[in-house]
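Pasting target_29.txt here (compact mmCIF, C-alpha atoms):
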```txt
# COMPACT_ATOMS: atom_id res chain seq x y z
CA MET K 1 -37.34 109.86 117.41
CA ARG K 2 -38.48 106.29 118.10
CA ALA K 3 -37.68 103.49 115.65
CA CYS K 4 -39.79 100.32 115.38
CA GLN K 5 -38.46 96.82 114.72
CA LEU K 6 -39.96 94.68 111.96
CA HIS K 7 -38.83 91.07 112.05
CA THR K 8 -39.22 89.45 108.66
CA TYR K 9 -38.46 86.06 107.13
CA GLU K 10 -36.72 84.76 104.07
CA ASP K 11 -35.52 81.21 103.49
CA ASN K 12 -35.94 80.13 107.13
CA GLN K 13 -33.78 82.98 108.45
CA HIS K 14 -34.77 86.07 110.40
CA ALA K 15 -33.57 89.58 109.65
CA ALA K 16 -34.33 92.78 111.51
CA ILE K 17 -35.31 95.88 109.52
CA VAL K 18 -35.37 99.20 111.33
CA VAL K 19 -38.24 101.45 110.24
CA ASN K 20 -38.48 105.08 111.20
CA PRO K 21 -42.21 105.66 111.88
CA ALA K 22 -42.00 109.33 110.96
CA THR K 23 -40.37 108.98 107.56
CA GLY K 24 -41.28 105.41 106.72
CA MET K 25 -37.69 104.74 105.63
CA GLN K 26 -36.08 101.41 106.43
CA SER K 27 -32.38 100.82 107.05
CA GLY K 28 -30.55 101.10 103.74
CA HIS K 29 -33.15 103.68 102.62
CA GLN K 30 -35.58 101.10 101.32
CA PRO K 31 -38.94 102.84 100.77
CA ASP K 32 -41.84 101.87 103.02
CA PRO K 33 -44.85 100.83 100.87
CA LEU K 34 -47.17 102.60 103.32
CA ARG K 35 -45.36 105.89 103.60
CA LEU K 36 -48.40 107.71 102.25
CA LEU K 37 -50.38 106.53 105.26
CA PRO K 38 -50.52 108.77 108.35
CA ASP K 39 -48.21 107.80 111.19
CA SER K 40 -51.17 106.71 113.30
CA ALA K 41 -52.05 104.05 110.73
CA ARG K 42 -48.63 102.37 110.82
CA CYS K 43 -47.89 99.07 112.47
CA ARG K 44 -44.72 97.00 112.58
CA VAL K 45 -45.26 93.39 113.44
CA ASP K 46 -43.19 90.47 114.67
CA VAL K 47 -43.37 87.78 112.01
CA ARG K 48 -43.00 84.67 114.13
CA ARG K 49 -41.31 81.42 113.25
CA TRP K 50 -43.87 78.66 112.90
CA THR K 51 -43.23 74.99 113.61
CA LEU K 52 -44.04 72.47 110.89
CA PRO K 53 -46.78 70.18 112.25
CA LEU K 54 -45.91 66.49 112.42
CA ALA K 55 -48.98 65.56 110.38
CA PHE K 56 -47.93 67.88 107.56
CA ALA K 57 -44.32 66.69 107.76
CA ALA K 58 -45.60 63.15 107.22
CA ILE K 59 -47.34 64.25 104.03
CA LEU K 60 -44.11 65.75 102.68
CA VAL K 61 -42.13 62.54 103.00
CA MET K 62 -44.74 60.29 101.42
CA GLY K 63 -43.36 59.32 98.03
CA CYS K 64 -46.03 56.84 97.10
CA GLY K 65 -46.96 58.54 93.84
CA HIS K 66 -50.48 59.65 94.72
CA THR K 67 -51.75 63.10 95.60
CA GLU K 68 -52.43 64.04 99.19
CA PRO K 69 -54.50 67.10 100.13
CA PHE K 70 -52.41 70.19 100.76
CA ILE K 71 -53.25 71.24 104.33
CA THR K 72 -51.94 74.58 105.53
CA GLY K 73 -53.14 74.11 109.10
CA ASP K 74 -54.22 76.72 111.62
CA TYR K 75 -51.15 78.85 112.21
CA GLY K 76 -52.88 81.85 113.78
CA ALA K 77 -52.26 85.43 112.73
CA VAL K 78 -49.21 87.65 112.80
CA GLY K 79 -49.65 90.25 115.46
CA PRO K 80 -50.37 92.34 117.16
CA TYR K 81 -52.74 94.11 114.76
CA SER K 82 -54.95 96.83 116.14
CA ALA K 83 -58.67 97.02 115.43
CA SER K 84 -58.44 100.19 113.32
CA GLY K 85 -56.21 101.72 110.67
CA ALA K 86 -54.31 100.18 107.78
CA GLN K 87 -51.23 98.24 108.82
CA ALA K 88 -48.55 96.35 106.93
CA GLY K 89 -45.87 93.77 107.54
CA ARG K 90 -43.20 92.64 105.14
CA LEU K 91 -43.25 88.86 104.68
CA THR K 92 -40.10 88.32 102.60
CA LEU K 93 -36.82 90.11 102.01
CA SER K 94 -36.70 89.13 98.36
CA GLY K 95 -38.50 86.83 96.01
CA GLY K 96 -38.47 85.78 92.39
CA GLY K 97 -42.13 86.22 91.53
CA PRO K 98 -45.48 87.61 92.68
CA GLY K 99 -47.23 85.97 95.62
CA ARG K 100 -50.62 84.32 95.25
CA TRP K 101 -53.13 83.18 97.84
CA LEU K 102 -53.95 79.50 98.14
CA ALA K 103 -57.58 78.63 97.46
CA ASP K 104 -58.40 78.34 101.16
CA GLY K 105 -56.79 81.71 101.93
CA ARG K 106 -54.59 80.21 104.63
CA GLY K 107 -51.31 80.20 102.74
CA ILE K 108 -49.30 82.21 100.21
CA LEU K 109 -47.56 80.52 97.27
CA TYR K 110 -44.61 82.22 95.60
CA ARG K 111 -41.37 81.53 93.75
CA ASN K 112 -38.39 82.75 95.74
CA TYR K 113 -35.10 84.11 94.45
CA ARG K 114 -33.55 80.61 94.50
CA ASN K 115 -36.10 79.46 91.90
CA CYS K 116 -37.89 77.36 94.52
CA PHE K 117 -41.62 77.23 95.17
CA ALA K 118 -42.54 78.03 98.76
CA VAL K 119 -45.67 78.47 100.86
CA LEU K 120 -45.89 80.93 103.74
CA PRO K 121 -48.66 80.91 106.35
CA ALA K 122 -51.30 83.51 105.50
CA GLY K 123 -50.23 85.72 108.39
CA GLY K 124 -46.50 85.46 107.68
CA GLY K 125 -43.69 83.49 109.27
CA SER K 126 -41.36 80.70 108.21
CA ALA K 127 -42.10 78.72 105.07
CA ILE K 128 -44.13 75.59 105.78
CA TRP K 129 -43.37 73.97 102.40
CA GLU K 130 -40.70 74.34 99.73
CA ARG K 131 -39.80 72.50 96.55
CA CYS K 132 -36.61 73.11 94.52
CA GLU K 133 -34.88 71.72 91.47
CA SER K 134 -32.52 69.02 92.75
CA ARG K 135 -30.94 67.72 89.53
CA GLU K 136 -27.29 68.69 89.88
CA HIS K 137 -26.49 68.71 86.16
CA VAL K 138 -29.40 71.09 85.49
CA ILE K 139 -28.34 73.46 88.26
CA ARG K 140 -24.66 73.34 87.32
CA ASP K 141 -24.68 73.28 83.53
CA SER K 142 -27.91 74.99 82.44
CA SER K 143 -29.84 78.21 82.56
CA TYR K 144 -32.94 77.22 84.45
CA TRP K 145 -36.03 78.93 85.73
CA THR K 146 -39.59 78.18 86.76
CA GLU K 147 -42.77 80.23 86.45
CA THR K 148 -46.54 80.29 87.06
CA PRO K 149 -46.91 77.91 90.02
CA ALA K 150 -50.50 76.96 90.88
CA LEU K 151 -51.26 74.72 93.86
CA ALA K 152 -54.63 72.94 93.95
CA PRO K 153 -56.51 72.18 97.20
CA ASP K 154 -55.82 68.46 96.66
CA GLY K 155 -52.06 69.02 96.54
CA ARG K 156 -51.35 69.00 92.81
CA LEU K 157 -48.87 71.58 91.57
CA ILE K 158 -48.79 72.99 88.04
CA TYR K 159 -45.75 74.98 86.94
CA THR K 160 -43.70 75.98 83.92
CA GLU K 161 -40.06 74.96 83.61
CA CYS K 162 -37.54 76.23 81.06
CA VAL K 163 -34.03 74.84 80.62
CA GLY K 164 -31.36 76.04 78.19
CA ARG K 165 -27.65 76.37 77.55
CA LYS K 166 -25.75 78.98 79.54
CA ASP K 167 -23.65 79.99 76.52
CA TRP K 168 -26.64 80.70 74.25
CA PRO K 169 -28.79 83.85 74.37
CA HIS K 170 -32.21 83.34 75.91
CA PRO K 171 -34.39 81.75 74.70
CA VAL K 172 -32.42 80.21 71.81
CA GLY K 173 -31.86 76.53 72.50
CA PHE K 174 -34.28 76.51 75.45
CA HIS K 175 -37.06 74.02 75.96
CA CYS K 176 -40.05 74.78 78.17
CA GLU K 177 -42.77 72.48 79.42
CA LEU K 178 -45.86 72.68 81.59
CA TRP K 179 -45.57 70.12 84.39
CA LEU K 180 -47.90 68.51 86.94
CA SER K 181 -46.32 67.47 90.22
CA ASP K 182 -47.42 66.36 93.68
CA SER K 183 -46.82 68.68 96.63
CA ALA K 184 -46.09 65.63 98.81
CA THR K 185 -43.05 64.70 96.69
CA GLY K 186 -40.11 66.44 95.07
CA LEU K 187 -40.26 68.01 91.63
CA LEU K 188 -38.69 64.88 90.15
CA VAL K 189 -42.00 63.04 90.63
CA ARG K 190 -44.02 64.68 87.89
CA ARG K 191 -45.49 64.30 84.44
CA LYS K 192 -45.49 66.60 81.43
CA LEU K 193 -48.80 68.20 80.57
CA PHE K 194 -47.90 70.28 77.56
CA THR K 195 -44.86 71.13 75.42
CA LEU K 196 -44.27 74.88 75.36
CA TYR K 197 -41.37 76.82 73.82
CA HIS K 198 -38.90 74.89 71.66
CA ASP K 199 -36.70 75.94 68.76
CA VAL K 200 -34.23 74.40 66.33
CA VAL K 201 -31.06 76.53 66.28
CA GLY K 202 -33.10 79.68 66.75
CA VAL K 203 -35.98 78.72 64.46
CA PRO K 204 -39.27 78.35 66.42
CA THR K 205 -41.17 75.10 66.08
CA VAL K 206 -44.57 76.84 66.02
CA GLY K 207 -45.93 79.91 64.28
CA PRO K 208 -46.26 83.38 65.89
CA ASP K 209 -50.00 82.94 66.40
CA GLU K 210 -49.72 79.66 68.31
CA VAL K 211 -49.44 79.29 72.08
CA ASN K 212 -46.00 78.13 73.22
CA MET K 213 -45.89 79.79 76.66
CA VAL K 214 -48.39 80.36 79.47
CA GLY K 215 -48.68 82.86 82.29
CA GLU K 216 -50.76 83.16 85.49
CA VAL K 217 -52.05 79.62 85.71
CA VAL K 218 -55.08 79.25 88.03
CA TRP K 219 -56.98 76.08 88.87
CA SER K 220 -60.65 76.37 87.82
CA GLY K 221 -61.88 72.84 88.56
CA GLN K 222 -60.83 69.33 89.50
CA ASP K 223 -58.89 68.77 86.28
CA GLU K 224 -59.15 72.21 84.70
CA PHE K 225 -57.15 75.41 84.78
CA VAL K 226 -57.10 78.81 83.09
CA ALA K 227 -53.95 80.52 81.87
CA ARG K 228 -52.77 83.40 79.73
CA GLY K 229 -51.75 81.93 76.39
CA GLN K 230 -48.64 83.54 74.93
CA ASN K 231 -46.17 83.21 72.09
CA LEU K 232 -42.46 83.40 72.91
CA SER K 233 -40.18 84.14 69.96
CA PRO K 234 -36.44 83.32 69.72
CA SER K 235 -35.73 87.04 70.11
CA GLY K 236 -37.16 86.87 73.64
CA THR K 237 -40.32 88.84 72.80
CA THR K 238 -43.50 87.53 74.44
CA THR K 239 -46.88 88.28 72.84
CA ASP K 240 -50.17 87.84 74.70
CA LEU K 241 -52.48 85.87 72.41
CA ARG K 242 -55.58 84.89 74.40
CA LEU K 243 -56.75 83.26 77.60
CA VAL K 244 -56.85 79.48 77.38
CA ARG K 245 -58.72 76.77 79.24
CA GLY K 246 -56.67 73.72 80.07
CA THR K 247 -58.05 70.23 80.62
CA ILE K 248 -55.84 67.58 82.22
CA THR K 249 -56.08 64.13 80.65
CA ALA K 250 -54.44 60.78 81.28
CA THR K 251 -51.74 61.57 78.73
CA GLY K 252 -51.18 65.31 79.23
CA ALA K 253 -53.36 68.37 78.79
CA SER K 254 -55.28 70.13 76.04
CA LEU K 255 -55.49 73.90 75.69
CA GLY K 256 -58.55 75.57 74.21
CA ALA K 257 -59.04 79.26 73.42
CA ILE K 258 -61.56 81.20 75.52
CA SER K 259 -63.77 83.17 73.15
CA GLY K 260 -63.54 86.95 73.30
CA THR K 261 -60.28 87.13 75.27
CA GLU K 262 -57.85 87.86 72.44
CA ARG K 263 -54.80 89.88 73.61
CA ALA K 264 -55.85 89.63 77.27
CA ARG K 265 -52.82 90.57 79.36
CA VAL K 266 -54.13 90.79 82.97
CA TRP K 267 -57.05 88.75 84.29
CA SER K 268 -58.76 87.12 87.26
CA LEU K 269 -61.39 84.47 87.86
CA VAL K 270 -64.39 85.80 89.77
CA GLY K 271 -64.48 83.71 92.93
CA ASN K 272 -65.47 80.11 92.26
CA THR K 273 -67.50 80.99 89.17
CA PRO K 274 -66.67 80.49 85.47
CA ARG K 275 -66.61 84.28 85.01
CA ILE K 276 -63.39 86.12 84.11
CA VAL K 277 -62.55 89.82 84.42
CA PHE K 278 -59.66 90.94 82.22
CA THR K 279 -58.08 93.81 80.32
CA ARG K 280 -56.48 93.82 76.91
CA ASP K 281 -55.47 97.49 76.85
CA ALA K 282 -54.35 100.00 79.46
CA LEU K 283 -57.54 100.77 81.43
CA THR K 284 -60.66 99.02 80.08
CA LEU K 285 -62.07 96.11 82.08
CA GLU K 286 -64.03 93.38 80.28
CA SER K 287 -65.84 90.24 81.36
CA ALA K 288 -66.13 86.82 79.76
CA SER K 289 -66.90 83.22 80.67
CA ILE K 290 -64.48 80.30 80.48
CA THR K 291 -67.29 78.45 78.68
CA GLY K 292 -66.80 80.80 75.73
CA SER K 293 -69.84 83.10 75.67
CA GLY K 294 -67.90 86.14 74.41
CA ALA K 295 -66.79 89.33 76.17
CA GLN K 296 -68.52 92.51 77.31
CA VAL K 297 -67.04 95.84 78.42
CA LEU K 298 -67.51 96.65 82.11
CA VAL K 299 -65.84 100.02 82.74
CA THR K 300 -62.84 102.13 81.73
CA LEU K 301 -60.72 103.71 84.45
CA ALA K 302 -59.59 107.33 84.19
CA GLY K 303 -56.25 107.74 82.44
CA ILE K 304 -53.39 110.02 83.52
CA ASN K 305 -49.58 109.92 83.23
CA GLY K 306 -49.69 106.75 81.16
CA ARG K 307 -51.65 104.87 83.84
CA SER K 308 -52.23 101.19 83.13
CA ILE K 309 -53.70 98.18 84.91
CA GLN K 310 -51.07 95.90 86.48
CA ASP K 311 -53.16 93.34 88.35
CA ILE K 312 -56.78 92.23 88.91
CA SER K 313 -58.08 90.22 91.86
CA CYS K 314 -61.76 89.24 92.12
CA PRO K 315 -62.48 86.96 95.10
CA GLY K 316 -66.20 87.70 94.83
CA SER K 317 -68.59 90.37 93.60
CA LYS K 318 -65.95 93.09 93.99
CA CYS K 319 -62.62 93.30 92.19
CA LEU K 320 -59.38 94.87 93.39
CA ILE K 321 -57.59 96.68 90.56
CA LEU K 322 -53.94 97.74 90.72
CA THR K 323 -52.78 100.50 88.39
CA GLN K 324 -49.40 102.11 87.89
CA GLU K 325 -48.34 105.45 86.49
CA THR K 326 -45.22 107.60 86.27
CA THR K 327 -45.44 111.31 87.12
CA PRO K 328 -43.64 114.03 85.11
CA ALA K 329 -41.07 113.99 87.94
CA ARG K 330 -40.46 110.29 87.15
CA GLU K 331 -42.02 109.09 90.40
CA VAL K 332 -43.77 105.73 90.15
CA LEU K 333 -47.21 105.70 91.77
CA SER K 334 -49.28 102.57 92.38
CA SER K 335 -53.02 102.91 93.00
CA LEU K 336 -55.69 100.52 94.24
CA TRP K 337 -59.31 100.65 93.07
CA ILE K 338 -62.44 98.68 93.92
CA VAL K 339 -64.83 97.79 91.09
CA ASP K 340 -68.26 96.53 92.15
CA LEU K 341 -69.39 94.00 89.54
CA SER K 342 -73.05 94.48 90.50
CA ASP K 343 -73.15 97.98 89.00
CA ASN K 344 -69.59 98.48 87.62
CA SER K 345 -69.01 101.39 90.00
CA VAL K 346 -65.40 102.40 90.69
CA LEU K 347 -64.07 103.39 94.11
CA PRO K 348 -60.53 104.87 94.33
CA LEU K 349 -58.95 103.28 97.40
CA ARG K 350 -55.38 104.51 97.92
CA THR K 351 -52.25 105.61 96.06
CA PHE K 352 -48.79 104.48 97.15
CA SER K 353 -45.43 106.03 96.33
CA ALA K 354 -44.02 102.60 95.52
CA GLU K 355 -43.65 100.25 92.56
CA ILE K 356 -46.23 97.57 93.35
CA ILE K 357 -46.38 94.95 90.60
CA ALA K 358 -49.10 92.67 92.02
CA ALA K 359 -51.98 92.99 94.49
CA GLN K 360 -54.17 90.06 95.53
CA TRP K 361 -57.30 90.13 97.70
CA SER K 362 -57.61 87.17 100.07
CA PRO K 363 -60.42 84.75 99.09
CA VAL K 364 -61.59 84.49 102.71
CA SER K 365 -60.86 87.87 104.35
CA THR K 366 -60.02 91.52 103.70
CA ASP K 367 -56.28 90.83 103.87
CA LEU K 368 -54.28 92.26 100.96
CA LEU K 369 -51.11 90.65 99.60
CA THR K 370 -48.86 92.91 97.51
CA THR K 371 -45.65 92.27 95.61
CA GLN K 372 -43.37 95.28 95.43
CA LEU K 373 -40.11 96.08 93.67
CA VAL K 374 -37.61 97.17 96.30
CA PRO K 375 -34.84 99.27 94.67
CA PHE K 376 -32.11 99.06 97.32
CA PRO K 377 -29.44 97.70 97.10
CA SER K 378 -30.69 96.24 93.80
CA TYR K 379 -34.14 95.67 92.38
CA ARG K 380 -35.78 92.70 94.07
CA THR K 381 -39.34 91.74 94.84
CA ALA K 382 -40.75 91.63 98.34
CA LEU K 383 -44.13 90.44 99.63
CA PHE K 384 -46.20 92.59 102.01
CA LEU K 385 -49.35 91.78 103.97
CA ILE K 386 -51.68 94.76 104.47
CA ARG K 387 -54.70 94.74 106.77
CA GLY K 388 -57.39 97.32 107.47
CA LEU K 389 -57.36 98.81 103.97
CA LEU K 390 -59.87 96.77 101.95
CA PRO K 391 -63.61 97.15 102.66
```
Would you write out, as structure tokens, the structure that this file holds?
Amino acid sequence: MRACQLHTYEDNQHAAIVVNPATGMQSGHQPDPLRLLPDSARCRVDVRRWTLPLAFAAILVMGCGHTEPFITGDYGAVGPYSASGAQAGRLTLSGGGPGRWLADGRGILYRNYRNCFAVLPAGGGSAIWERCESREHVIRDSSYWTETPALAPDGRLIYTECVGRKDWPHPVGFHCELWLSDSATGLLVRRKLFTLYHDVVGVPTVGPDEVNMVGEVVWSGQDEFVARGQNLSPSGTTTDLRLVRGTITATGASLGAISGTERARVWSLVGNTPRIVFTRDALTLESASITGSGAQVLVTLAGINGRSIQDISCPGSKCLILTQETTPAREVLSSLWIVDLSDNSVLPLRTFSAEIIAAQWSPVSTDLLTTQLVPFPSYRTALFLIRGLLP
């Protein structure tokens, strides 16, 4: 029985993972996300180490306080990929959050397990950019984490930061802010856009119906972004309130509710348009505009085994929908669907025997980026690039 080698990357180090092409099992019995595919459709790729271009390195060391365009460069594609059949390569060994495509489709932004923001080339390989918290007293004395990074084409980075005491239960005593930074500088060069979660000895500073946390921030214009507005309580419970439209000003940012999106929990902008596709329950897709024209129901997916929508990605007139369900035998199944917004038709694409928590369609190609929970030796997230599956 022949075994294939998959070379993968995490934190500028290479690791070899042996994959049995017949069973799809990797060393350590980590499940292959494509083990439902026939053997002929499998491909194991060599994720090559890329060299940071001198021009881009110059951008990273410029600390002059202004924003430089974020240029991912032409790094080529991971290969070899054949001309037919669905194929996958694992991009990271572990990560701290779902991966998201950059606007130009030539890079992947994610938060790794060290709480750093990193960008991988679109085809995989070594990180070409990384930013971490460097304040020693924060790292040493505090509970600290970051969320919802969003990198604009001009190099500006939006992210959420929360800092609290290690000896207090989360989130009591924590303070969270939405920050704007410059990709050409460290995270210390930044300005606060919006005050998020704060409490006074466990008593929240805002009411339960007010936004004090955001999720899935996406740039929607030069100085505008869309996010999922939430309320975080001192008990640690997060409630989805509505989608919000953020406007960056000279002194911070303002957040305004998007009409008709109350309780929206998963959403996506439709390409470069002001249209949003979202769901507020398990399986019904709705559409609204960030200008506030109200919502309309598009379609409801078939329900079985507690199936629910986990992610939505709409790079154009078609949306990729990720659902998840648990069988009576307690097996987690993740399914991909295509919804055509021109007629709201639904096309079942493929079901995986894997716990996929995010699936993003490239804005410039048919490449698919997935984030999967890998259960061995402990639950961690891993990013996968899949080609030849999307239409």
Rank nothing, just name the residue among K:Asn112, K:Thr279, K:Ser181, K:Asn344 nearest to Gly155 in chain K, using only C-alpha atoms. K:Ser181
Using all atoms listed in the file, find the one residue out of K:Gly89, K:Gly246, K:Gly256, K:Gly107 that sits nearest to Leu193 in chain K.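 Smallest distance to Leu193 in chain K is found for K:Gly246.
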Please provide as a PyMOL selection string all residues within 9 Å of Leu232 in chain K, with the sequence filter that same-chain residues fewer than 5 positions apart are discarded (counting only C-alpha atoms). chain K and resi 171+197+204+208+211-213+237-239
Of the candidates K:Asp199, K:Asp104, K:Glu133, K:Asp154, which shows the shortest atom-to-atom distance to Asp223 in chain K, using all atoms listed in the file? K:Asp154
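The interatomic distance for the pair CA of Tyr379 in chain K and CA of Glu355 in chain K works out to 10.6 Å.
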Minimum-distance residue to Lys318 in chain K, chosen among K:Gly292, K:Gly123, K:Pro391, K:Pro149 (using all atoms listed in the file):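 Closest to Lys318 in chain K, using all atoms listed in the file: K:Pro391.
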CA of Thr366 in chain K and CA of Arg280 in chain K, how far apart in Å?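 Those two atoms sit 27.1 Å apart.
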Extract, using all atoms listed in the file, all DNA, RNA and protein residues at most 6 Å from Ile338 in chain K, discarding same-chain residues fewer than 2 positions from it, and format them as a ChimeraX atom specification. /K:319-320,346-347
Could you give me, as a list in words, the residues within 8 Å of Ala152 in chain K, counting only C-alpha atoms and dropping anything in the same chain fewer than 2 positions from it? Phe70, Leu102, Ala103, Ala150, Asp154, Gly155, Arg156, Leu157 and Trp219 of chain K
Near-Thr205 in chain K list (12 Å; only C-alpha atoms; drop same-chain fewer than 3 positions) as a PyMOL selection string: chain K and resi 172-175+195-202+208-212+231-234
